[in-house]
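Student: A single structure is presented below for examination.
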Protein chains: 2
Amino acid sequence: MSKGEQTRDAILDIALAKASQVGLGALSIGELAKEAGMSKSGLFAHFDSKENLQLEVMKSAAQRFIDQIVTPALRAPRGEPRVRALFENWFQWAKDSKLPGGCLFIAAATELDDQPGPLRDFLVGSQRDWLATFAQAAKIGVDEKHFRSDLDVEMFSRRVYSIFLAYHHFARLLHMSDAEAQARAEFDSLLAQSRA
Amino acid sequence: MSKGEQTRDAILDIALAKASQVGLGALSIGELAKEAGMSKSGLFAHFDSKENLQLEVMKSAAQRFIDQIVTPALRAPRGEPRVRALFENWFQWAKDSKLPGGCLFIAAATELDDQPGPLRDFLVGSQRDWLATFAQAAKIGVDEKHFRSDLDVEMFSRRVYSIFLAYHHFARLLHMSDAEAQARAEFDSLLAQSRA
DNA sequence: GATTTATACGAACGATCGTACTATTTTGCT
DNA sequence: AGCAAAATAGTACGATCGTTCGTATAAATC
């Protein structure tokens, strides 16, 4: 890895952490440069524009997401175990120290939902992929006869998403200490009513 | 109502709409002044600081919320009808033309969850109140024997919140046209399993 | 080790930010 | 109508914004 690539990655690390806390829009090149210990222009040169920097932050987050959630879960046995692994890894993601402000995508969702452009487009694409991934894992669960044959897997994945959104909201904003346990209970109950 | 109060209200109207779209942090006094057709300093004089402006925006949203959701629902019969009214009014709130960017509190939640201060404090208080209001309405439903006597009303209100968060996410970001119908179905199903 | 290329810096740009003052206009009251 | 108070405008401030440019230094290639 060249010098440029590695400082670029270091910048994205810092920017990702910051964006999870203050949002993508509140990222400032000057401030990032200060935190990265380099000049504003030196940092800027890596991205050519602020919007592109934001986009790269989201792309790196998406890659991280795949590496930490999806790929490891594919090593779990097909069916319910894999669905559980996806859910479990998702939790770890939201608590990752690289994301001190919680899941970047959830923060970006409310920030970008009314702002058309490449940022929003990328986010929407990622979210669709993720929902589809979860639905696909559930479908395998049906094929493996772990789940009911009439299970609506799209609805299933939306419900899991709903559980996660609530967890994020209650834990991060309201500091409910039992939010995680609640979410796990909801997920278990969803699994129970999905089983064959 | 004095001249000052009415321009102040007009400003807050504009600011509320804007904040629902771009977030509280992205509000700019200069831009608001332009939209309100007045000078930057003239507008500023009404609020003394930007943070106070943001706070007043949230306070006016909270007041609106009470007027449009809570108070009207209290006119519905105690028990399940009132719970339904709260939920229904909540939907209308999120689709109110005064909030082109959707529910301000949901947008503010992810924006402020890592930024301590009076803004966050007020938001947390509002959210707690709202959850408690919903739980209280559910409790009356238990008393009226509409709902199971062993219903956990706090969990009930969290579940409703979860449904609403998902609706907001899927409808606003992913533009799922059936998000509202899905949410209503989930709510109905929650009611069904809560009934005596 | 020399040369080319990549990377970072420093200074400056115009624009906009939030805020502070002073002046001018408008409003409400007697 | 006249007067005090309230409301708005105007101007200016230092700071920071994203971006551009020319230059220096470091790294990679030969």
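Ordering of the structure tokens sets the chain letters (A, B, ...); residue numbers start at 1 within each chain; ligands are numbered from 1 in the order shown.
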As a PDB file with C-alpha atoms (C1' of nucleotides), in the first residue's frame, please: the residues near stretch 3-7 of chain D (cut-off 12 Å, only C-alpha atoms (C1' of nucleotides), same-chain neighbours under 5 positions excluded).
Tutor:
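What landed in selection.pdb:
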```pdb
ATOM      1  CA  SER B   2     -47.952  41.805  19.024  1.00  0.00           C
ATOM      2  CA  LYS B   3     -46.083  42.382  15.809  1.00  0.00           C
ATOM      3  CA  GLY B   4     -42.942  40.898  17.298  1.00  0.00           C
ATOM      4  CA  GLU B   5     -44.651  37.718  18.355  1.00  0.00           C
ATOM      5  CA  GLN B   6     -46.201  37.176  14.990  1.00  0.00           C
ATOM      6  CA  THR B   7     -43.026  37.585  12.996  1.00  0.00           C
ATOM      7  CA  ARG B   8     -41.318  35.354  15.521  1.00  0.00           C
ATOM      8  CA  MET B  38     -36.033  40.173   6.419  1.00  0.00           C
ATOM      9  CA  SER B  39     -32.549  41.152   7.483  1.00  0.00           C
ATOM     10  CA  SER B  41     -29.838  41.084  12.231  1.00  0.00           C
ATOM     11  CA  GLY B  42     -33.579  41.617  12.406  1.00  0.00           C
ATOM     12  CA  LEU B  43     -34.162  37.918  12.597  1.00  0.00           C
ATOM     13  CA  PHE B  44     -31.297  37.336  14.975  1.00  0.00           C
ATOM     14  CA  ALA B  45     -32.728  39.848  17.445  1.00  0.00           C
ATOM     15  CA  HIS B  46     -35.633  37.523  18.104  1.00  0.00           C
TER      16      HIS B  46
ATOM     17  C1'  DT C  24     -33.790  53.885  11.551  1.00  0.00           C
ATOM     18  C1'  DT C  25     -38.342  52.669  11.095  1.00  0.00           C
ATOM     19  C1'  DT C  26     -42.751  50.905  12.853  1.00  0.00           C
ATOM     20  C1'  DT C  27     -45.925  50.008  16.384  1.00  0.00           C
ATOM     21  C1'  DG C  28     -48.896  50.663  20.375  1.00  0.00           C
ATOM     22  C1'  DC C  29     -50.555  53.784  23.776  1.00  0.00           C
ATOM     23  C1'  DT C  30     -52.260  58.195  25.742  1.00  0.00           C
TER      24       DT C  30
END
```
Student: Please provide the set of residues having any atom within 12 Å of stretch 10-20 of chain D, restricted to only C-alpha atoms (C1' of nucleotides), with same-chain residues fewer than 5 positions apart removed, written as a PDB file with N, CA and C atoms (P, O5', C5', C4', C3', O3' and C1' of nucleotides), in the first residue's frame.
Tutor:
```
ATOM      1  N   ALA A  26     -21.851  17.661   8.750  1.00  0.00           N
ATOM      2  CA  ALA A  26     -21.105  18.504   9.678  1.00  0.00           C
ATOM      3  C   ALA A  26     -19.609  18.234   9.630  1.00  0.00           C
ATOM      4  N   LEU A  27     -19.205  17.329   8.778  1.00  0.00           N
ATOM      5  CA  LEU A  27     -17.770  17.117   8.600  1.00  0.00           C
ATOM      6  C   LEU A  27     -17.165  18.400   8.051  1.00  0.00           C
ATOM      7  N   SER A  28     -16.018  18.776   8.572  1.00  0.00           N
ATOM      8  CA  SER A  28     -15.336  19.944   8.041  1.00  0.00           C
ATOM      9  C   SER A  28     -13.892  19.581   7.716  1.00  0.00           C
ATOM     10  N   ILE A  29     -13.471  20.011   6.551  1.00  0.00           N
ATOM     11  CA  ILE A  29     -12.140  19.633   6.081  1.00  0.00           C
ATOM     12  C   ILE A  29     -11.057  20.205   6.980  1.00  0.00           C
ATOM     13  N   GLY A  30     -11.261  21.432   7.407  1.00  0.00           N
ATOM     14  CA  GLY A  30     -10.287  22.054   8.296  1.00  0.00           C
ATOM     15  C   GLY A  30     -10.144  21.312   9.609  1.00  0.00           C
ATOM     16  N   GLU A  31     -11.272  20.924  10.154  1.00  0.00           N
ATOM     17  CA  GLU A  31     -11.237  20.236  11.440  1.00  0.00           C
ATOM     18  C   GLU A  31     -10.629  18.838  11.291  1.00  0.00           C
ATOM     19  N   LYS A  40      -4.824  21.497   5.673  1.00  0.00           N
ATOM     20  CA  LYS A  40      -6.132  21.445   5.035  1.00  0.00           C
ATOM     21  C   LYS A  40      -5.999  21.077   3.552  1.00  0.00           C
ATOM     22  N   SER A  41      -5.076  21.717   2.894  1.00  0.00           N
ATOM     23  CA  SER A  41      -4.920  21.468   1.457  1.00  0.00           C
ATOM     24  C   SER A  41      -4.385  20.069   1.184  1.00  0.00           C
ATOM     25  N   PHE A  44      -7.327  17.839   1.576  1.00  0.00           N
ATOM     26  CA  PHE A  44      -8.273  18.074   0.476  1.00  0.00           C
ATOM     27  C   PHE A  44      -7.852  17.371  -0.807  1.00  0.00           C
ATOM     28  N   ALA A  45      -6.542  17.372  -1.049  1.00  0.00           N
ATOM     29  CA  ALA A  45      -6.009  16.811  -2.287  1.00  0.00           C
ATOM     30  C   ALA A  45      -6.387  15.339  -2.479  1.00  0.00           C
ATOM     31  N   PHE A  47      -9.270  14.080  -1.952  1.00  0.00           N
ATOM     32  CA  PHE A  47     -10.678  13.838  -2.272  1.00  0.00           C
ATOM     33  C   PHE A  47     -11.286  14.782  -3.310  1.00  0.00           C
ATOM     34  N   ASP A  48     -10.610  15.864  -3.584  1.00  0.00           N
ATOM     35  CA  ASP A  48     -11.013  16.787  -4.654  1.00  0.00           C
ATOM     36  C   ASP A  48     -12.275  17.602  -4.377  1.00  0.00           C
ATOM     37  N   SER A  49     -13.101  17.129  -3.479  1.00  0.00           N
ATOM     38  CA  SER A  49     -14.277  17.911  -3.099  1.00  0.00           C
ATOM     39  C   SER A  49     -14.821  17.351  -1.805  1.00  0.00           C
ATOM     40  N   LYS A  50     -15.602  18.155  -1.136  1.00  0.00           N
ATOM     41  CA  LYS A  50     -16.158  17.693   0.132  1.00  0.00           C
ATOM     42  C   LYS A  50     -17.191  16.597  -0.088  1.00  0.00           C
ATOM     43  N   GLU A  51     -18.009  16.789  -1.113  1.00  0.00           N
ATOM     44  CA  GLU A  51     -19.038  15.779  -1.374  1.00  0.00           C
ATOM     45  C   GLU A  51     -18.393  14.424  -1.664  1.00  0.00           C
ATOM     46  N   LEU A  53     -15.533  13.441  -0.541  1.00  0.00           N
ATOM     47  CA  LEU A  53     -15.047  12.946   0.748  1.00  0.00           C
ATOM     48  C   LEU A  53     -16.168  12.239   1.505  1.00  0.00           C
TER      49      LEU A  53
ATOM     50  N   MET B  38     -36.479  39.129   5.492  1.00  0.00           N
ATOM     51  CA  MET B  38     -36.033  40.173   6.419  1.00  0.00           C
ATOM     52  C   MET B  38     -34.519  40.122   6.586  1.00  0.00           C
ATOM     53  N   SER B  39     -34.004  41.081   7.346  1.00  0.00           N
ATOM     54  CA  SER B  39     -32.549  41.152   7.483  1.00  0.00           C
ATOM     55  C   SER B  39     -32.037  40.138   8.503  1.00  0.00           C
ATOM     56  N   LYS B  40     -30.780  39.794   8.333  1.00  0.00           N
ATOM     57  CA  LYS B  40     -30.170  38.813   9.219  1.00  0.00           C
ATOM     58  C   LYS B  40     -30.224  39.301  10.665  1.00  0.00           C
ATOM     59  N   SER B  41     -29.866  40.560  10.862  1.00  0.00           N
ATOM     60  CA  SER B  41     -29.838  41.084  12.231  1.00  0.00           C
ATOM     61  C   SER B  41     -31.240  41.207  12.816  1.00  0.00           C
ATOM     62  N   GLY B  42     -32.199  41.520  11.946  1.00  0.00           N
ATOM     63  CA  GLY B  42     -33.579  41.617  12.406  1.00  0.00           C
ATOM     64  C   GLY B  42     -34.094  40.286  12.914  1.00  0.00           C
TER      65      GLY B  42
ATOM     66  P    DA C  11       2.329  30.567   5.501  1.00  0.00           P
ATOM     67  O5'  DA C  11       1.638  31.351   4.290  1.00  0.00           O
ATOM     68  C5'  DA C  11       2.286  31.369   3.015  1.00  0.00           C
ATOM     69  C4'  DA C  11       1.330  31.901   1.965  1.00  0.00           C
ATOM     70  C3'  DA C  11       0.377  32.992   2.468  1.00  0.00           C
ATOM     71  O3'  DA C  11       0.330  34.039   1.511  1.00  0.00           O
ATOM     72  C1'  DA C  11      -0.853  31.248   1.457  1.00  0.00           C
ATOM     73  P    DA C  12      -0.419  35.432   1.789  1.00  0.00           P
ATOM     74  O5'  DA C  12      -1.743  35.288   0.923  1.00  0.00           O
ATOM     75  C5'  DA C  12      -1.626  35.037  -0.475  1.00  0.00           C
ATOM     76  C4'  DA C  12      -2.985  34.665  -1.004  1.00  0.00           C
ATOM     77  C3'  DA C  12      -4.127  35.599  -0.559  1.00  0.00           C
ATOM     78  O3'  DA C  12      -4.604  36.334  -1.666  1.00  0.00           O
ATOM     79  C1'  DA C  12      -4.738  33.291  -0.452  1.00  0.00           C
ATOM     80  P    DC C  13      -5.808  37.344  -1.579  1.00  0.00           P
ATOM     81  O5'  DC C  13      -7.052  36.512  -2.116  1.00  0.00           O
ATOM     82  C5'  DC C  13      -6.955  35.845  -3.379  1.00  0.00           C
ATOM     83  C4'  DC C  13      -8.217  35.055  -3.636  1.00  0.00           C
ATOM     84  C3'  DC C  13      -9.474  35.745  -3.155  1.00  0.00           C
ATOM     85  O3'  DC C  13     -10.018  36.501  -4.231  1.00  0.00           O
ATOM     86  C1'  DC C  13      -9.456  33.409  -2.541  1.00  0.00           C
ATOM     87  P    DG C  14     -10.952  37.703  -4.056  1.00  0.00           P
ATOM     88  O5'  DG C  14     -12.396  37.041  -3.892  1.00  0.00           O
ATOM     89  C5'  DG C  14     -12.913  36.212  -4.912  1.00  0.00           C
ATOM     90  C4'  DG C  14     -14.056  35.396  -4.340  1.00  0.00           C
ATOM     91  C3'  DG C  14     -15.214  36.257  -3.809  1.00  0.00           C
ATOM     92  O3'  DG C  14     -16.432  35.641  -4.206  1.00  0.00           O
ATOM     93  C1'  DG C  14     -14.442  34.837  -2.099  1.00  0.00           C
ATOM     94  P    DA C  15     -17.827  36.361  -3.857  1.00  0.00           P
ATOM     95  O5'  DA C  15     -18.449  35.377  -2.769  1.00  0.00           O
ATOM     96  C5'  DA C  15     -18.344  33.963  -2.977  1.00  0.00           C
ATOM     97  C4'  DA C  15     -18.856  33.228  -1.757  1.00  0.00           C
ATOM     98  C3'  DA C  15     -20.027  33.913  -1.054  1.00  0.00           C
ATOM     99  O3'  DA C  15     -21.111  32.991  -0.963  1.00  0.00           O
ATOM    100  C1'  DA C  15     -18.278  33.377   0.500  1.00  0.00           C
ATOM    101  P    DT C  16     -22.520  33.467  -0.420  1.00  0.00           P
ATOM    102  O5'  DT C  16     -22.473  32.955   1.088  1.00  0.00           O
ATOM    103  C5'  DT C  16     -22.170  31.598   1.368  1.00  0.00           C
ATOM    104  C4'  DT C  16     -21.878  31.451   2.849  1.00  0.00           C
ATOM    105  C3'  DT C  16     -22.952  32.086   3.742  1.00  0.00           C
ATOM    106  O3'  DT C  16     -23.577  31.063   4.496  1.00  0.00           O
ATOM    107  C1'  DT C  16     -20.739  32.582   4.485  1.00  0.00           C
ATOM    108  P    DC C  17     -24.774  31.367   5.479  1.00  0.00           P
ATOM    109  O5'  DC C  17     -24.124  31.209   6.932  1.00  0.00           O
ATOM    110  C5'  DC C  17     -23.377  30.022   7.208  1.00  0.00           C
ATOM    111  C4'  DC C  17     -22.538  30.230   8.445  1.00  0.00           C
ATOM    112  C3'  DC C  17     -23.231  30.994   9.559  1.00  0.00           C
ATOM    113  O3'  DC C  17     -24.006  30.103  10.325  1.00  0.00           O
ATOM    114  C1'  DC C  17     -20.981  31.757   9.280  1.00  0.00           C
ATOM    115  P    DG C  18     -25.258  30.692  11.084  1.00  0.00           P
ATOM    116  O5'  DG C  18     -24.637  31.332  12.408  1.00  0.00           O
ATOM    117  C5'  DG C  18     -23.841  30.524  13.263  1.00  0.00           C
ATOM    118  C4'  DG C  18     -23.199  31.386  14.328  1.00  0.00           C
ATOM    119  C3'  DG C  18     -24.195  32.132  15.217  1.00  0.00           C
ATOM    120  O3'  DG C  18     -23.712  32.157  16.559  1.00  0.00           O
ATOM    121  C1'  DG C  18     -22.800  33.687  14.098  1.00  0.00           C
ATOM    122  P    DT C  19     -24.608  32.803  17.705  1.00  0.00           P
ATOM    123  O5'  DT C  19     -24.046  34.293  17.789  1.00  0.00           O
ATOM    124  C5'  DT C  19     -22.677  34.487  18.076  1.00  0.00           C
ATOM    125  C4'  DT C  19     -22.324  35.951  17.954  1.00  0.00           C
ATOM    126  C3'  DT C  19     -23.191  36.897  18.786  1.00  0.00           C
ATOM    127  O3'  DT C  19     -22.390  37.429  19.839  1.00  0.00           O
ATOM    128  C1'  DT C  19     -22.705  37.773  16.624  1.00  0.00           C
ATOM    129  P    DA C  20     -23.012  38.346  20.967  1.00  0.00           P
ATOM    130  O5'  DA C  20     -22.585  39.815  20.498  1.00  0.00           O
ATOM    131  C5'  DA C  20     -21.220  40.129  20.340  1.00  0.00           C
ATOM    132  C4'  DA C  20     -21.110  41.549  19.819  1.00  0.00           C
ATOM    133  C3'  DA C  20     -22.005  42.526  20.584  1.00  0.00           C
ATOM    134  O3'  DA C  20     -21.166  43.344  21.411  1.00  0.00           O
ATOM    135  C1'  DA C  20     -22.210  42.790  18.186  1.00  0.00           C
ATOM    136  P    DC C  21     -21.548  44.677  22.066  1.00  0.00           P
ATOM    137  O5'  DC C  21     -21.139  45.706  20.907  1.00  0.00           O
ATOM    138  C5'  DC C  21     -21.617  46.998  20.979  1.00  0.00           C
ATOM    139  C4'  DC C  21     -21.869  47.555  19.597  1.00  0.00           C
ATOM    140  C3'  DC C  21     -22.916  48.655  19.619  1.00  0.00           C
ATOM    141  O3'  DC C  21     -22.254  49.873  19.924  1.00  0.00           O
ATOM    142  C1'  DC C  21     -23.135  47.263  17.691  1.00  0.00           C
ATOM    143  P    DT C  22     -23.096  51.083  20.540  1.00  0.00           P
ATOM    144  O5'  DT C  22     -23.612  51.799  19.208  1.00  0.00           O
ATOM    145  C5'  DT C  22     -22.775  51.835  18.053  1.00  0.00           C
ATOM    146  C4'  DT C  22     -23.601  52.264  16.862  1.00  0.00           C
ATOM    147  C3'  DT C  22     -24.592  53.392  17.153  1.00  0.00           C
ATOM    148  O3'  DT C  22     -24.531  54.345  16.114  1.00  0.00           O
ATOM    149  C1'  DT C  22     -25.712  51.577  16.176  1.00  0.00           C
ATOM    150  P    DA C  23     -25.369  55.705  16.220  1.00  0.00           P
ATOM    151  O5'  DA C  23     -26.552  55.489  15.156  1.00  0.00           O
ATOM    152  C5'  DA C  23     -26.277  55.626  13.773  1.00  0.00           C
ATOM    153  C4'  DA C  23     -27.423  55.045  12.964  1.00  0.00           C
ATOM    154  C3'  DA C  23     -28.683  55.923  12.886  1.00  0.00           C
ATOM    155  O3'  DA C  23     -28.998  56.105  11.525  1.00  0.00           O
ATOM    156  C1'  DA C  23     -29.264  53.699  13.451  1.00  0.00           C
ATOM    157  P    DT C  24     -29.869  57.353  11.116  1.00  0.00           P
ATOM    158  O5'  DT C  24     -31.219  56.679  10.610  1.00  0.00           O
ATOM    159  C5'  DT C  24     -31.134  55.513   9.783  1.00  0.00           C
ATOM    160  C4'  DT C  24     -32.393  54.695   9.923  1.00  0.00           C
ATOM    161  C3'  DT C  24     -33.701  55.490   9.835  1.00  0.00           C
ATOM    162  O3'  DT C  24     -34.406  55.013   8.715  1.00  0.00           O
ATOM    163  C1'  DT C  24     -33.790  53.885  11.551  1.00  0.00           C
ATOM    164  P    DT C  25     -35.590  55.909   8.075  1.00  0.00           P
ATOM    165  O5'  DT C  25     -36.887  55.001   8.311  1.00  0.00           O
ATOM    166  C5'  DT C  25     -36.831  53.614   7.976  1.00  0.00           C
ATOM    167  C4'  DT C  25     -37.696  52.835   8.933  1.00  0.00           C
ATOM    168  C3'  DT C  25     -39.185  53.212   8.941  1.00  0.00           C
ATOM    169  O3'  DT C  25     -39.888  52.184   8.266  1.00  0.00           O
ATOM    170  C1'  DT C  25     -38.342  52.669  11.095  1.00  0.00           C
TER     171       DT C  25
END
```
Student: Among stretch 16-195 of chain B, which ones does DSSP assign to alpha helix (DSSP H) (computed from the backbone)? Answer as an mmCIF file with C-alpha atoms, in the first residue's frame.
Tutor:
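Full text of selection.cif as output:
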```cif
data_model
loop_
_atom_site.group_PDB
_atom_site.id
_atom_site.type_symbol
_atom_site.label_atom_id
_atom_site.label_comp_id
_atom_site.auth_asym_id
_atom_site.auth_seq_id
_atom_site.Cartn_x
_atom_site.Cartn_y
_atom_site.Cartn_z
ATOM 1 C CA LEU B 16 -39.339 24.220 11.522
ATOM 2 C CA ALA B 17 -39.984 23.248 7.931
ATOM 3 C CA LYS B 18 -36.348 23.724 7.059
ATOM 4 C CA ALA B 19 -35.085 21.845 10.097
ATOM 5 C CA SER B 20 -37.247 18.860 9.277
ATOM 6 C CA GLN B 21 -35.474 18.669 5.943
ATOM 7 C CA VAL B 22 -31.858 19.577 6.604
ATOM 8 C CA ILE B 29 -29.590 32.526 10.202
ATOM 9 C CA GLY B 30 -28.681 34.224 6.960
ATOM 10 C CA GLU B 31 -30.620 31.762 4.869
ATOM 11 C CA LEU B 32 -33.630 31.883 7.155
ATOM 12 C CA ALA B 33 -33.622 35.656 6.946
ATOM 13 C CA LYS B 34 -33.631 35.448 3.184
ATOM 14 C CA GLU B 35 -36.592 33.080 3.196
ATOM 15 C CA ALA B 36 -38.435 35.195 5.722
ATOM 16 C CA LYS B 40 -30.170 38.813 9.219
ATOM 17 C CA SER B 41 -29.838 41.084 12.231
ATOM 18 C CA GLY B 42 -33.579 41.617 12.406
ATOM 19 C CA LEU B 43 -34.162 37.918 12.597
ATOM 20 C CA PHE B 44 -31.297 37.336 14.975
ATOM 21 C CA LYS B 50 -28.386 30.277 17.180
ATOM 22 C CA GLU B 51 -28.597 27.613 19.828
ATOM 23 C CA ASN B 52 -31.579 29.383 21.308
ATOM 24 C CA LEU B 53 -33.198 29.558 17.904
ATOM 25 C CA GLN B 54 -32.753 25.809 17.547
ATOM 26 C CA LEU B 55 -34.208 25.288 20.978
ATOM 27 C CA GLU B 56 -37.212 27.461 20.190
ATOM 28 C CA VAL B 57 -37.762 25.522 16.997
ATOM 29 C CA MET B 58 -37.896 22.318 18.985
ATOM 30 C CA LYS B 59 -40.121 23.851 21.619
ATOM 31 C CA SER B 60 -42.569 25.059 19.014
ATOM 32 C CA ALA B 61 -42.516 21.622 17.419
ATOM 33 C CA ALA B 62 -43.223 20.051 20.792
ATOM 34 C CA GLN B 63 -46.139 22.392 21.364
ATOM 35 C CA ARG B 64 -47.484 21.625 17.934
ATOM 36 C CA PHE B 65 -47.116 17.939 18.672
ATOM 37 C CA THR B 71 -54.886 16.877 22.929
ATOM 38 C CA PRO B 72 -57.230 15.729 20.136
ATOM 39 C CA ALA B 73 -56.682 12.098 21.136
ATOM 40 C CA GLU B 80 -58.224 1.232 22.801
ATOM 41 C CA PRO B 81 -59.947 3.997 20.801
ATOM 42 C CA ARG B 82 -57.680 6.579 22.385
ATOM 43 C CA VAL B 83 -54.599 4.479 21.695
ATOM 44 C CA ARG B 84 -55.693 4.200 18.078
ATOM 45 C CA ALA B 85 -56.273 7.943 17.913
ATOM 46 C CA LEU B 86 -52.791 8.647 19.236
ATOM 47 C CA PHE B 87 -51.286 6.382 16.618
ATOM 48 C CA GLU B 88 -53.406 7.799 13.819
ATOM 49 C CA ASN B 89 -52.651 11.400 14.741
ATOM 50 C CA TRP B 90 -48.989 10.557 14.909
ATOM 51 C CA PHE B 91 -49.135 9.471 11.299
ATOM 52 C CA GLN B 92 -50.806 12.683 10.272
ATOM 53 C CA TRP B 93 -48.121 14.593 12.102
ATOM 54 C CA ALA B 94 -45.367 12.943 10.109
ATOM 55 C CA LYS B 95 -47.192 13.828 6.901
ATOM 56 C CA LEU B 104 -38.426 16.652 13.374
ATOM 57 C CA PHE B 105 -37.860 14.658 16.529
ATOM 58 C CA ILE B 106 -36.742 11.577 14.665
ATOM 59 C CA ALA B 107 -34.353 13.635 12.595
ATOM 60 C CA ALA B 108 -33.093 15.397 15.692
ATOM 61 C CA ALA B 109 -32.667 12.115 17.541
ATOM 62 C CA THR B 110 -29.837 10.855 15.369
ATOM 63 C CA GLU B 111 -28.392 14.318 15.040
ATOM 64 C CA LEU B 112 -28.246 15.077 18.741
ATOM 65 C CA PRO B 118 -29.806 21.899 26.213
ATOM 66 C CA LEU B 119 -30.986 20.808 22.783
ATOM 67 C CA ARG B 120 -30.407 17.173 23.518
ATOM 68 C CA ASP B 121 -31.837 17.510 27.000
ATOM 69 C CA PHE B 122 -35.044 18.976 25.717
ATOM 70 C CA LEU B 123 -35.388 16.328 23.046
ATOM 71 C CA VAL B 124 -34.845 13.528 25.537
ATOM 72 C CA GLY B 125 -37.450 15.029 27.824
ATOM 73 C CA SER B 126 -39.974 15.272 25.009
ATOM 74 C CA GLN B 127 -39.363 11.713 23.954
ATOM 75 C CA ARG B 128 -39.746 10.422 27.491
ATOM 76 C CA ASP B 129 -42.992 12.342 27.852
ATOM 77 C CA TRP B 130 -44.321 10.968 24.641
ATOM 78 C CA LEU B 131 -43.457 7.380 25.489
ATOM 79 C CA ALA B 132 -45.054 7.858 28.885
ATOM 80 C CA THR B 133 -48.166 9.353 27.322
ATOM 81 C CA PHE B 134 -48.550 6.385 25.048
ATOM 82 C CA ALA B 135 -47.910 3.949 27.884
ATOM 83 C CA GLN B 136 -50.477 5.730 30.014
ATOM 84 C CA ALA B 137 -53.085 5.471 27.272
ATOM 85 C CA ALA B 138 -52.317 1.767 27.053
ATOM 86 C CA LYS B 139 -52.630 1.430 30.807
ATOM 87 C CA ILE B 140 -56.110 2.899 30.635
ATOM 88 C CA GLY B 141 -56.818 0.309 27.979
ATOM 89 C CA VAL B 142 -55.872 -2.349 30.509
ATOM 90 C CA ASP B 143 -58.062 -0.757 33.172
ATOM 91 C CA VAL B 153 -47.516 -1.048 28.758
ATOM 92 C CA GLU B 154 -43.970 0.298 28.584
ATOM 93 C CA MET B 155 -43.020 -2.453 26.194
ATOM 94 C CA PHE B 156 -46.205 -1.755 24.289
ATOM 95 C CA SER B 157 -45.269 1.884 23.775
ATOM 96 C CA ARG B 158 -41.745 0.961 22.747
ATOM 97 C CA ARG B 159 -43.133 -1.434 20.169
ATOM 98 C CA VAL B 160 -45.380 1.221 18.728
ATOM 99 C CA TYR B 161 -42.420 3.540 18.585
ATOM 100 C CA SER B 162 -40.479 0.878 16.791
ATOM 101 C CA ILE B 163 -43.221 0.561 14.188
ATOM 102 C CA PHE B 164 -43.185 4.281 13.654
ATOM 103 C CA LEU B 165 -39.423 4.488 13.326
ATOM 104 C CA ALA B 166 -39.478 1.807 10.683
ATOM 105 C CA TYR B 167 -42.282 3.535 8.819
ATOM 106 C CA HIS B 168 -40.326 6.760 8.819
ATOM 107 C CA ALA B 179 -44.663 1.596 4.229
ATOM 108 C CA GLU B 180 -47.713 3.201 5.746
ATOM 109 C CA ALA B 181 -49.939 0.219 5.080
ATOM 110 C CA GLN B 182 -47.262 -2.045 6.538
ATOM 111 C CA ALA B 183 -47.029 0.088 9.642
ATOM 112 C CA ARG B 184 -50.788 0.085 10.096
ATOM 113 C CA ALA B 185 -50.838 -3.691 9.723
ATOM 114 C CA GLU B 186 -48.096 -4.077 12.314
ATOM 115 C CA PHE B 187 -49.979 -1.817 14.670
ATOM 116 C CA ASP B 188 -53.200 -3.754 14.208
ATOM 117 C CA SER B 189 -51.368 -6.978 14.872
ATOM 118 C CA LEU B 190 -49.845 -5.493 18.011
ATOM 119 C CA LEU B 191 -53.293 -4.433 19.171
ATOM 120 C CA ALA B 192 -54.678 -7.878 18.442
#
```
Student: Counting only C-alpha atoms (C1' of nucleotides), what is within 12 Å of D:DA24, bar same-chain residues fewer than 3 positions away, as number ranges by chain?
Tutor: C: 7-10
Student: Mind pulling up the distance from atom CA of A:Leu174 to atom CA of A:Cys103?
Tutor: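 According to the coordinates, atom CA of A:Cys103 and atom CA of A:Leu174 are separated by 15.8 Å.
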Student: Using atom CA of B:Ser97 and atom CA of B:Asp113 as the two end points, give the distance in Å to one decimal.
Tutor: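 If I compute the distance from atom CA of B:Ser97 to atom CA of B:Asp113, I get 25.9 Å.
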Student: Suppose you want the space between atom CA of B:Ala76 and atom CA of B:Glu144; what is it in Å?
Tutor: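 So the two atoms, atom CA of B:Ala76 and atom CA of B:Glu144, lie 13.8 Å apart.
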Student: Give me the residues within 7 Å of A:Arg148 as an mmCIF file with C-alpha atoms, in the first residue's frame, counting only C-alpha atoms (C1' of nucleotides) and dropping any in the same chain fewer than 3 places off.
Tutor:
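Final file, around_36.cif:
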```
data_model
loop_
_atom_site.group_PDB
_atom_site.id
_atom_site.type_symbol
_atom_site.label_atom_id
_atom_site.label_comp_id
_atom_site.auth_asym_id
_atom_site.auth_seq_id
_atom_site.Cartn_x
_atom_site.Cartn_y
_atom_site.Cartn_z
ATOM 1 C CA VAL A 142 -37.364 -21.439 4.829
ATOM 2 C CA LYS A 145 -37.284 -25.879 6.894
ATOM 3 C CA LEU A 151 -42.971 -16.832 5.896
ATOM 4 C CA SER A 194 -41.211 -17.655 12.198
ATOM 5 C CA ARG A 195 -40.171 -21.209 12.916
ATOM 6 C CA ALA A 196 -41.792 -24.147 11.246
#
```
Student: For C:DT3, work out the shell of residues within 12 Å, counting only C-alpha atoms (C1' of nucleotides) and skipping chain neighbours fewer than 4 positions away, then give it as a list in words.
Tutor: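 Close residues of C:DT3: DA28, DT29 and DC30 of chain D.
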